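See below for target-v4.txt, which holds compact mmCIF, C-alpha atoms and all ligand atoms.
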```txt
# COMPACT_ATOMS: atom_id res chain seq x y z
CA MET T 1 212.98 106.93 185.65
CA THR T 2 209.24 107.31 185.06
CA THR T 3 206.70 106.86 187.85
CA PRO T 4 204.90 103.52 187.52
CA THR T 5 201.24 103.96 186.63
CA ARG T 6 198.18 101.80 187.12
CA PRO T 7 194.40 102.40 186.78
CA ILE T 8 193.23 104.84 189.43
CA LEU T 9 189.75 106.27 190.04
CA VAL T 10 189.62 109.88 188.80
CA TRP T 11 185.94 110.68 188.02
CA ASP T 12 183.43 110.00 190.79
CA LEU T 13 179.97 108.69 189.86
CA PRO T 14 178.19 112.08 190.23
CA VAL T 15 180.55 113.63 187.62
CA ARG T 16 179.95 110.72 185.22
CA VAL T 17 176.16 110.71 185.69
CA PHE T 18 176.17 114.50 185.28
CA HIS T 19 178.20 114.28 182.07
CA TRP T 20 176.22 111.62 180.23
CA LEU T 21 172.90 113.18 181.27
CA MET T 22 174.17 116.50 179.84
CA VAL T 23 175.02 114.74 176.56
CA LEU T 24 171.59 113.08 176.41
CA CYS T 25 169.71 116.27 177.31
CA PHE T 26 171.68 118.50 174.94
CA ALA T 27 171.19 116.14 172.01
CA GLY T 28 167.52 115.62 172.87
CA ALA T 29 166.81 119.34 173.37
CA TYR T 30 168.54 120.21 170.11
CA LEU T 31 166.72 117.55 168.10
CA THR T 32 163.28 118.48 169.50
CA ALA T 33 163.78 122.26 169.27
CA GLU T 34 161.72 122.81 166.13
CA SER T 35 158.80 120.53 166.94
CA ASP T 36 155.68 122.04 168.54
CA GLY T 37 154.42 118.56 169.45
CA LEU T 38 157.65 117.74 171.33
CA ARG T 39 157.90 121.07 173.18
CA LEU T 40 157.34 119.41 176.57
CA VAL T 41 160.30 117.11 175.88
CA HIS T 42 162.37 120.09 174.72
CA VAL T 43 161.76 122.24 177.78
CA THR T 44 162.00 119.30 180.21
CA LEU T 45 165.44 118.36 178.87
CA GLY T 46 166.43 122.04 178.97
CA TYR T 47 165.36 122.52 182.61
CA THR T 48 167.15 119.26 183.45
CA MET T 49 170.37 120.76 182.08
CA ALA T 50 169.91 123.86 184.25
CA GLY T 51 169.42 121.64 187.31
CA LEU T 52 172.44 119.51 186.41
CA VAL T 53 174.65 122.59 186.10
CA GLY T 54 173.32 123.83 189.47
CA PHE T 55 174.38 120.50 190.98
CA ARG T 56 177.78 120.62 189.21
CA LEU T 57 178.51 124.11 190.57
CA VAL T 58 177.99 122.82 194.13
CA TRP T 59 179.94 119.61 193.41
CA GLY T 60 182.78 121.74 192.02
CA LEU T 61 183.15 123.22 195.51
CA ILE T 62 182.57 120.19 197.74
CA GLY T 63 183.15 117.20 195.42
CA THR T 64 186.15 114.91 195.06
CA ARG T 65 189.64 116.08 194.04
CA TYR T 66 189.35 116.12 190.22
CA ALA T 67 185.77 117.41 190.27
CA ARG T 68 186.78 120.58 192.13
CA PHE T 69 187.12 123.86 190.25
CA SER T 70 190.20 124.67 192.36
CA GLU T 71 191.89 121.61 190.80
CA PHE T 72 191.29 122.44 187.13
CA VAL T 73 190.36 126.10 186.63
CA ARG T 74 193.51 127.93 185.52
CA GLY T 75 194.23 131.48 184.35
CA PRO T 76 194.65 132.57 180.70
CA ARG T 77 198.45 132.19 180.93
CA ALA T 78 198.20 128.52 181.87
CA VAL T 79 195.73 127.92 179.00
CA ALA T 80 197.98 129.77 176.50
CA GLY T 81 201.04 127.89 177.78
CA TYR T 82 199.26 124.54 177.48
CA LEU T 83 198.09 125.31 173.93
CA ARG T 84 201.60 126.47 172.91
CA ASP T 85 203.08 123.22 174.21
CA LEU T 86 200.28 121.28 172.54
CA PHE T 87 201.12 122.69 169.11
CA SER T 88 204.81 121.93 169.59
CA GLY T 89 203.87 118.36 170.53
CA LYS T 90 205.12 118.37 174.14
CA ALA T 91 202.00 119.21 176.15
CA ARG T 92 202.12 118.23 179.80
CA HIS T 93 199.82 115.41 180.87
CA PHE T 94 197.17 116.13 183.51
CA THR T 95 195.44 113.42 185.52
CA GLY T 96 192.25 115.54 185.72
CA HIS T 97 191.11 118.14 183.15
CA ASN T 98 193.85 119.95 181.20
CA PRO T 99 193.72 123.82 181.22
CA ALA T 100 192.33 124.10 177.65
CA GLY T 101 189.71 121.43 178.30
CA ALA T 102 188.77 123.24 181.49
CA LEU T 103 188.11 126.42 179.51
CA ALA T 104 185.67 124.57 177.23
CA ILE T 105 184.02 123.07 180.31
CA LEU T 106 183.51 126.51 181.90
CA ALA T 107 182.12 127.80 178.59
CA LEU T 108 179.68 124.87 178.41
CA LEU T 109 178.50 125.43 181.99
CA GLY T 110 178.01 129.19 181.34
CA LEU T 111 176.31 128.62 177.98
CA THR T 112 173.93 126.11 179.56
CA LEU T 113 172.79 128.81 181.96
CA ALA T 114 172.41 131.32 179.10
CA VAL T 115 170.48 128.90 176.85
CA THR T 116 168.15 127.76 179.63
CA LEU T 117 167.49 131.29 180.95
CA SER T 118 166.69 132.56 177.46
CA GLY T 119 164.59 129.41 176.84
CA HIS T 120 162.63 130.00 180.05
CA ALA T 121 162.04 133.63 179.05
CA THR T 122 160.93 132.56 175.55
CA LEU T 123 158.53 129.94 176.91
CA ASN T 124 156.91 132.40 179.29
CA ALA T 125 156.84 135.21 176.69
CA LEU T 126 158.86 137.47 178.99
CA GLY T 127 160.33 139.41 176.07
CA GLY T 128 159.87 140.00 172.38
CA GLU T 129 160.90 138.03 169.33
CA TRP T 130 164.51 138.97 170.02
CA LEU T 131 164.58 136.62 173.01
CA GLU T 132 163.59 133.69 170.83
CA ASP T 133 166.33 134.66 168.36
CA ALA T 134 168.84 135.04 171.21
CA HIS T 135 167.82 131.60 172.55
CA GLU T 136 168.39 129.98 169.17
CA ALA T 137 171.70 131.84 168.68
CA VAL T 138 173.06 130.80 172.09
CA ALA T 139 171.99 127.19 171.42
CA ASN T 140 173.89 127.21 168.12
CA LEU T 141 176.95 128.81 169.72
CA MET T 142 176.81 126.06 172.33
CA LEU T 143 176.68 123.42 169.60
CA GLY T 144 179.91 124.96 168.24
CA VAL T 145 181.60 124.73 171.65
CA VAL T 146 180.39 121.10 172.05
CA ILE T 147 182.02 120.25 168.70
CA VAL T 148 185.28 121.93 169.79
CA HIS T 149 185.01 120.07 173.13
CA ILE T 150 184.63 116.69 171.42
CA GLY T 151 187.49 117.54 169.03
CA GLY T 152 189.69 118.48 172.01
CA VAL T 153 188.83 115.25 173.82
CA LEU T 154 189.75 113.18 170.75
CA ALA T 155 192.96 115.17 170.10
CA SER T 156 194.04 114.86 173.71
CA SER T 157 193.25 111.12 173.69
CA LEU T 158 195.50 110.62 170.65
CA LEU T 159 198.28 112.86 171.92
CA HIS T 160 198.54 111.27 175.34
CA ARG T 161 197.57 107.79 174.11
CA GLU T 162 194.76 107.46 176.65
CA LYS T 163 191.09 106.66 176.24
CA LEU T 164 189.35 109.70 177.72
CA VAL T 165 185.82 108.77 176.57
CA PRO T 166 185.79 105.30 178.24
CA ALA T 167 187.40 106.99 181.29
CA MET T 168 184.31 109.25 181.55
CA VAL T 169 182.26 106.01 181.63
CA HIS T 170 184.14 103.86 184.17
CA GLY T 171 185.93 106.71 185.92
CA ARG T 172 189.44 105.26 185.74
CA LYS T 173 192.66 106.53 184.13
CA ALA T 174 196.28 105.46 184.33
CA GLY T 175 198.01 107.37 187.11
CA ALA T 176 200.50 107.18 189.90
CA GLU T 177 199.56 105.24 192.99
CA GLY T 178 198.07 107.50 195.66
CA GLU T 179 196.76 110.04 193.11
CA GLY T 180 193.32 108.43 192.77
CA ILE T 181 190.22 109.46 194.70
CA ARG T 182 189.28 107.20 197.59
CA SER T 183 185.52 107.03 197.05
CA GLY T 184 183.36 107.18 193.91
CA TRP T 185 180.46 108.69 195.90
CA ASN T 186 178.11 106.24 194.19
CA VAL T 187 175.18 107.13 196.44
CA VAL T 188 175.31 110.77 195.30
CA GLY T 189 175.46 109.67 191.65
CA ILE T 190 172.45 107.39 192.07
CA LEU T 191 170.51 110.13 193.91
CA LEU T 192 171.32 112.57 191.08
CA LEU T 193 169.94 110.13 188.51
CA ALA T 194 166.87 109.44 190.67
CA ALA T 195 166.23 113.20 191.05
CA VAL T 196 166.35 113.66 187.26
CA LEU T 197 163.99 110.70 186.62
CA GLY T 198 161.65 112.05 189.33
CA PHE T 199 161.67 115.49 187.71
CA TRP T 200 160.84 113.99 184.31
CA TRP T 201 157.92 112.08 185.84
CA LEU T 202 156.62 115.25 187.54
CA GLN T 203 156.87 117.24 184.30
CA TRP T 204 154.91 114.52 182.52
CA GLN T 205 152.22 114.60 185.24
CA SER T 206 151.92 118.40 185.39
CA PRO T 207 153.58 120.26 182.52
CA PRO T 208 154.68 123.90 183.03
CA ALA T 209 151.76 126.36 183.05
CA ALA T 210 152.91 127.94 179.77
CA LEU T 211 152.55 124.54 178.07
CA ALA T 212 149.77 122.96 180.11
CA ASP T 213 146.81 124.16 178.05
CA GLY T 214 148.14 122.80 174.79
CA VAL T 215 149.19 119.48 176.30
CA ARG T 216 145.91 119.05 178.21
CA ALA T 217 143.89 119.90 175.11
CA GLU T 218 145.82 117.23 173.19
CA SER T 219 145.34 114.52 175.82
CA HIS T 220 141.66 115.53 176.11
CA ASP T 221 141.27 115.00 172.36
CA ARG T 222 143.05 111.67 172.62
CA GLY T 223 140.69 110.64 175.46
CA HIS T 224 137.65 111.52 173.35
CA LYS T 225 138.99 109.63 170.36
CA HIS T 226 139.47 106.63 172.63
CA HIS T 227 135.83 106.79 173.83
CA ASP T 228 134.56 107.28 170.28
CA ASP T 229 136.40 104.13 169.06
C1 LIG T 301 164.88 125.87 180.16
C2 LIG T 301 165.18 125.28 179.04
C3 LIG T 301 164.53 125.60 177.71
C4 LIG T 301 163.31 126.14 177.44
C5 LIG T 301 162.23 126.54 178.43
C6 LIG T 301 163.23 126.28 176.00
C7 LIG T 301 162.14 126.77 175.31
C8 LIG T 301 162.05 126.94 173.96
C9 LIG T 301 160.88 127.41 173.26
C10 LIG T 301 159.55 127.79 173.90
C11 LIG T 301 161.21 127.47 171.94
C12 LIG T 301 160.28 127.85 170.77
C13 LIG T 301 160.37 129.24 170.35
C14 LIG T 301 159.31 129.42 169.30
O1 LIG T 301 159.58 129.06 168.15
O2 LIG T 301 158.23 129.85 169.67
C15 LIG T 301 162.58 127.04 171.80
C16 LIG T 301 163.27 126.99 170.60
C17 LIG T 301 164.57 126.54 170.48
N1 LIG T 301 165.36 125.99 171.48
FE1 LIG T 301 164.87 125.88 173.44
N2 LIG T 301 164.40 125.83 175.43
C18 LIG T 301 165.23 125.40 176.45
C19 LIG T 301 166.50 124.85 176.31
C20 LIG T 301 167.13 124.67 175.12
C21 LIG T 301 168.40 124.00 174.96
C22 LIG T 301 169.22 123.38 176.08
C23 LIG T 301 168.71 124.04 173.63
C24 LIG T 301 169.92 123.49 172.93
C25 LIG T 301 170.25 122.26 173.02
C26 LIG T 301 167.63 124.73 172.95
C27 LIG T 301 167.60 125.00 171.60
C28 LIG T 301 166.56 125.63 170.93
C29 LIG T 301 166.58 125.99 169.54
C30 LIG T 301 167.74 125.77 168.57
C31 LIG T 301 165.32 126.58 169.25
C32 LIG T 301 164.87 127.18 167.92
C33 LIG T 301 164.07 126.20 167.13
C34 LIG T 301 163.62 126.81 165.80
O3 LIG T 301 164.39 126.75 164.86
O4 LIG T 301 162.52 127.35 165.81
N3 LIG T 301 166.69 125.08 173.88
N4 LIG T 301 163.08 126.70 173.05
C1 LIG T 302 179.34 112.50 172.50
C2 LIG T 302 179.69 113.69 172.91
C3 LIG T 302 180.68 113.91 174.04
C4 LIG T 302 181.80 113.22 174.40
C5 LIG T 302 182.38 111.98 173.73
C6 LIG T 302 182.37 113.88 175.56
C7 LIG T 302 183.49 113.47 176.25
C8 LIG T 302 184.00 114.06 177.38
C9 LIG T 302 185.15 113.62 178.09
C10 LIG T 302 186.03 112.44 177.69
C11 LIG T 302 185.35 114.45 179.13
C12 LIG T 302 186.52 114.40 180.12
C13 LIG T 302 187.60 115.27 179.55
C14 LIG T 302 188.89 115.11 180.31
O1 LIG T 302 189.34 113.97 180.48
O2 LIG T 302 189.43 116.14 180.74
C15 LIG T 302 184.29 115.42 179.12
C16 LIG T 302 184.11 116.40 180.06
C17 LIG T 302 183.03 117.27 180.06
N1 LIG T 302 182.08 117.41 179.08
FE1 LIG T 302 181.84 116.19 177.48
N2 LIG T 302 181.60 114.98 175.86
C18 LIG T 302 180.55 115.03 174.97
C19 LIG T 302 179.55 115.95 174.93
C20 LIG T 302 179.34 116.93 175.87
C21 LIG T 302 178.21 117.82 175.88
C22 LIG T 302 177.06 117.80 174.87
C23 LIG T 302 178.36 118.62 176.97
C24 LIG T 302 177.49 119.73 177.47
C25 LIG T 302 176.37 120.05 177.01
C26 LIG T 302 179.58 118.23 177.63
C27 LIG T 302 180.09 118.83 178.77
C28 LIG T 302 181.19 118.39 179.46
C29 LIG T 302 181.56 118.90 180.76
C30 LIG T 302 180.84 120.02 181.53
C31 LIG T 302 182.70 118.19 181.13
C32 LIG T 302 183.43 118.31 182.46
C33 LIG T 302 183.01 117.14 183.31
C34 LIG T 302 183.09 117.48 184.77
O3 LIG T 302 184.18 117.71 185.31
O4 LIG T 302 182.03 117.56 185.39
N3 LIG T 302 180.17 117.20 176.94
N4 LIG T 302 183.47 115.16 178.02
```

Could I get this file's structure written as structure tokens?
Ligand code: HEM
Ligand code: HEM
Amino acid sequence: MTTPTRPILVWDLPVRVFHWLMVLCFAGAYLTAESDGLRLVHVTLGYTMAGLVGFRLVWGLIGTRYARFSEFVRGPRAVAGYLRDLFSGKARHFTGHNPAGALAILALLGLTLAVTLSGHATLNALGGEWLEDAHEAVANLMLGVVIVHIGGVLASSLLHREKLVPAMVHGRKAGAEGEGIRSGWNVVGILLLAAVLGFWWLQWQSPPAALADGVRAESHDRGHKHHDD
């Protein structure tokens, strides 16, 4: 007999806000990377990702059941076992992250730190040209892992006949009664979003020192043009 399942809350609001902000920031940072005029947008989205990962590391220790690292981080044997089962078509179903997905998640968190640290060093000219090259290389490696991550999400959705992408939006999956989390911690999710919007506003008001001159010169020019008109 199989256990009856019904929609249960798995992803709290902070995890969902974190995830979709990461998607937005990664896409935005990647698309603005080559533009000098959009450098403020590029670095602001990058620093936002660093802050989001900082939050996620804390939430992975004190957050709800499926957000905790202790719930989904598994050793190499568990990952290899899961992948073996996956290829023979009998992979076990996990209510939270599966062991292979968890590996991609850890890689994405680590790569975010690497790309933002190297970006910060590039912006502040803390090293030579090699830092800029390293920053670009890590960003491209990360794009590769994101593609694998999305492929894994789609494969897992097909295999287990569940809609993982909508689940990351509304937070619910089919599961056994009693396995869901009790609270979505909406207040924390809203505060996280408010903190990000506040940071963006602050960056707009006073850009980082390494960028400030260029940005101020531009807005000064714009001001003059306005007066001349
Ligand atoms: C703290 C966050 C970040 C800072 C401060 C930062 C800063 C910079 C700066 C200053 C450059 C220009 C280098 C130059 O040509 O002079 C750059 C380039 C680049 N950044 Fe970032 N970045 C950050 C995050 C990111 C993220 C998250 C990504 C990936 C999504 C990314 C991808 C790239 C790429 C691909 C280039 C090379 C563009 C080209 O082809 O010239 N950066 N970044
Ligand atoms: C449109 C592109 C994307 C889609 C559709 C997507 C979808 C998903 C889904 C469905 C999950 C939950 C997986 C599960 O059920 O185990 C997830 C988790 C995750 N994804 Fe994505 N993802 C995308 C892009 C990204 C990007 C660009 C990043 C990072 C830069 C990212 C980082 C993560 C992380 C860190 C988690 C773990 C969530 C947590 O526990 O906090 N994803 N993603």

Please extract the residues at most 6 Å from ligand LIG 302 (chain T), counting all atoms listed in the file, and provide them as a PyMOL selection string, using the chain letters and residue numbers of this document. chain T and resi 15+19+22-23+26+67+96-98+101+105+108-109+146+150+153+164-165+168

Go through T:Val145, T:Val43, T:Leu9, T:Leu106 one by one, measure the shortest atom-to-atom distance of each to ligand LIG 301 (chain T) using only C-alpha atoms and all ligand atoms, and give the residue with the smallest value.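 Among the listed residues, T:Val43 lies closest to ligand LIG 301 (chain T).
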
Step by step, measure atom-to-atom distances between ligand LIG 301 (chain T) and each residue using only C-alpha atoms and all ligand atoms, keep those at most 6 Å, then write them as a ChimeraX atom specification. /T:26,29-30,33-34,43,46-47,115-116,119-120,122-123,132,136,139

I'd like the contact shell of Val53 of chain T - 9 Å cut-off, only C-alpha atoms, skipping same-chain residues fewer than 4 positions apart - returned as a PDB file with C-alpha atoms, in the coordinates of the input.
```
ATOM      1  CA  PHE T  18     176.170 114.500 185.280  1.00  0.00           C
ATOM      2  CA  MET T  22     174.170 116.500 179.840  1.00  0.00           C
ATOM      3  CA  THR T  48     167.150 119.260 183.450  1.00  0.00           C
ATOM      4  CA  MET T  49     170.370 120.760 182.080  1.00  0.00           C
ATOM      5  CA  LEU T  57     178.510 124.110 190.570  1.00  0.00           C
ATOM      6  CA  VAL T  58     177.990 122.820 194.130  1.00  0.00           C
ATOM      7  CA  LEU T 109     178.500 125.430 181.990  1.00  0.00           C
ATOM      8  CA  GLY T 110     178.010 129.190 181.340  1.00  0.00           C
ATOM      9  CA  THR T 112     173.930 126.110 179.560  1.00  0.00           C
ATOM     10  CA  LEU T 113     172.790 128.810 181.960  1.00  0.00           C
TER      11      LEU T 113
END
```

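Picture a line from atom CA of Arg92 of chain T to atom CA of Gly184 of chain T; it runs 25.9 Å.
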
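For the set T:Leu126, T:Ala102, T:Leu31, T:Leu197, the residue with the smallest atom-to-atom gap to Tyr66 of chain T is T:Ala102, counting all atoms listed in the file.
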
From (172.8, 108.8, 191.5), in the file's coordinates, out to 10 Å: which residues are reached, counting all atoms listed in the file? Answer as JSON, numbers by chain. {"T": [13, 14, 15, 16, 17, 18, 185, 186, 187, 188, 189, 190, 191, 192, 193, 194, 195, 196]}

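Atom pair atom CA of Ala91 of chain T / atom CA of Ser70 of chain T: separated by 20.8 Å.
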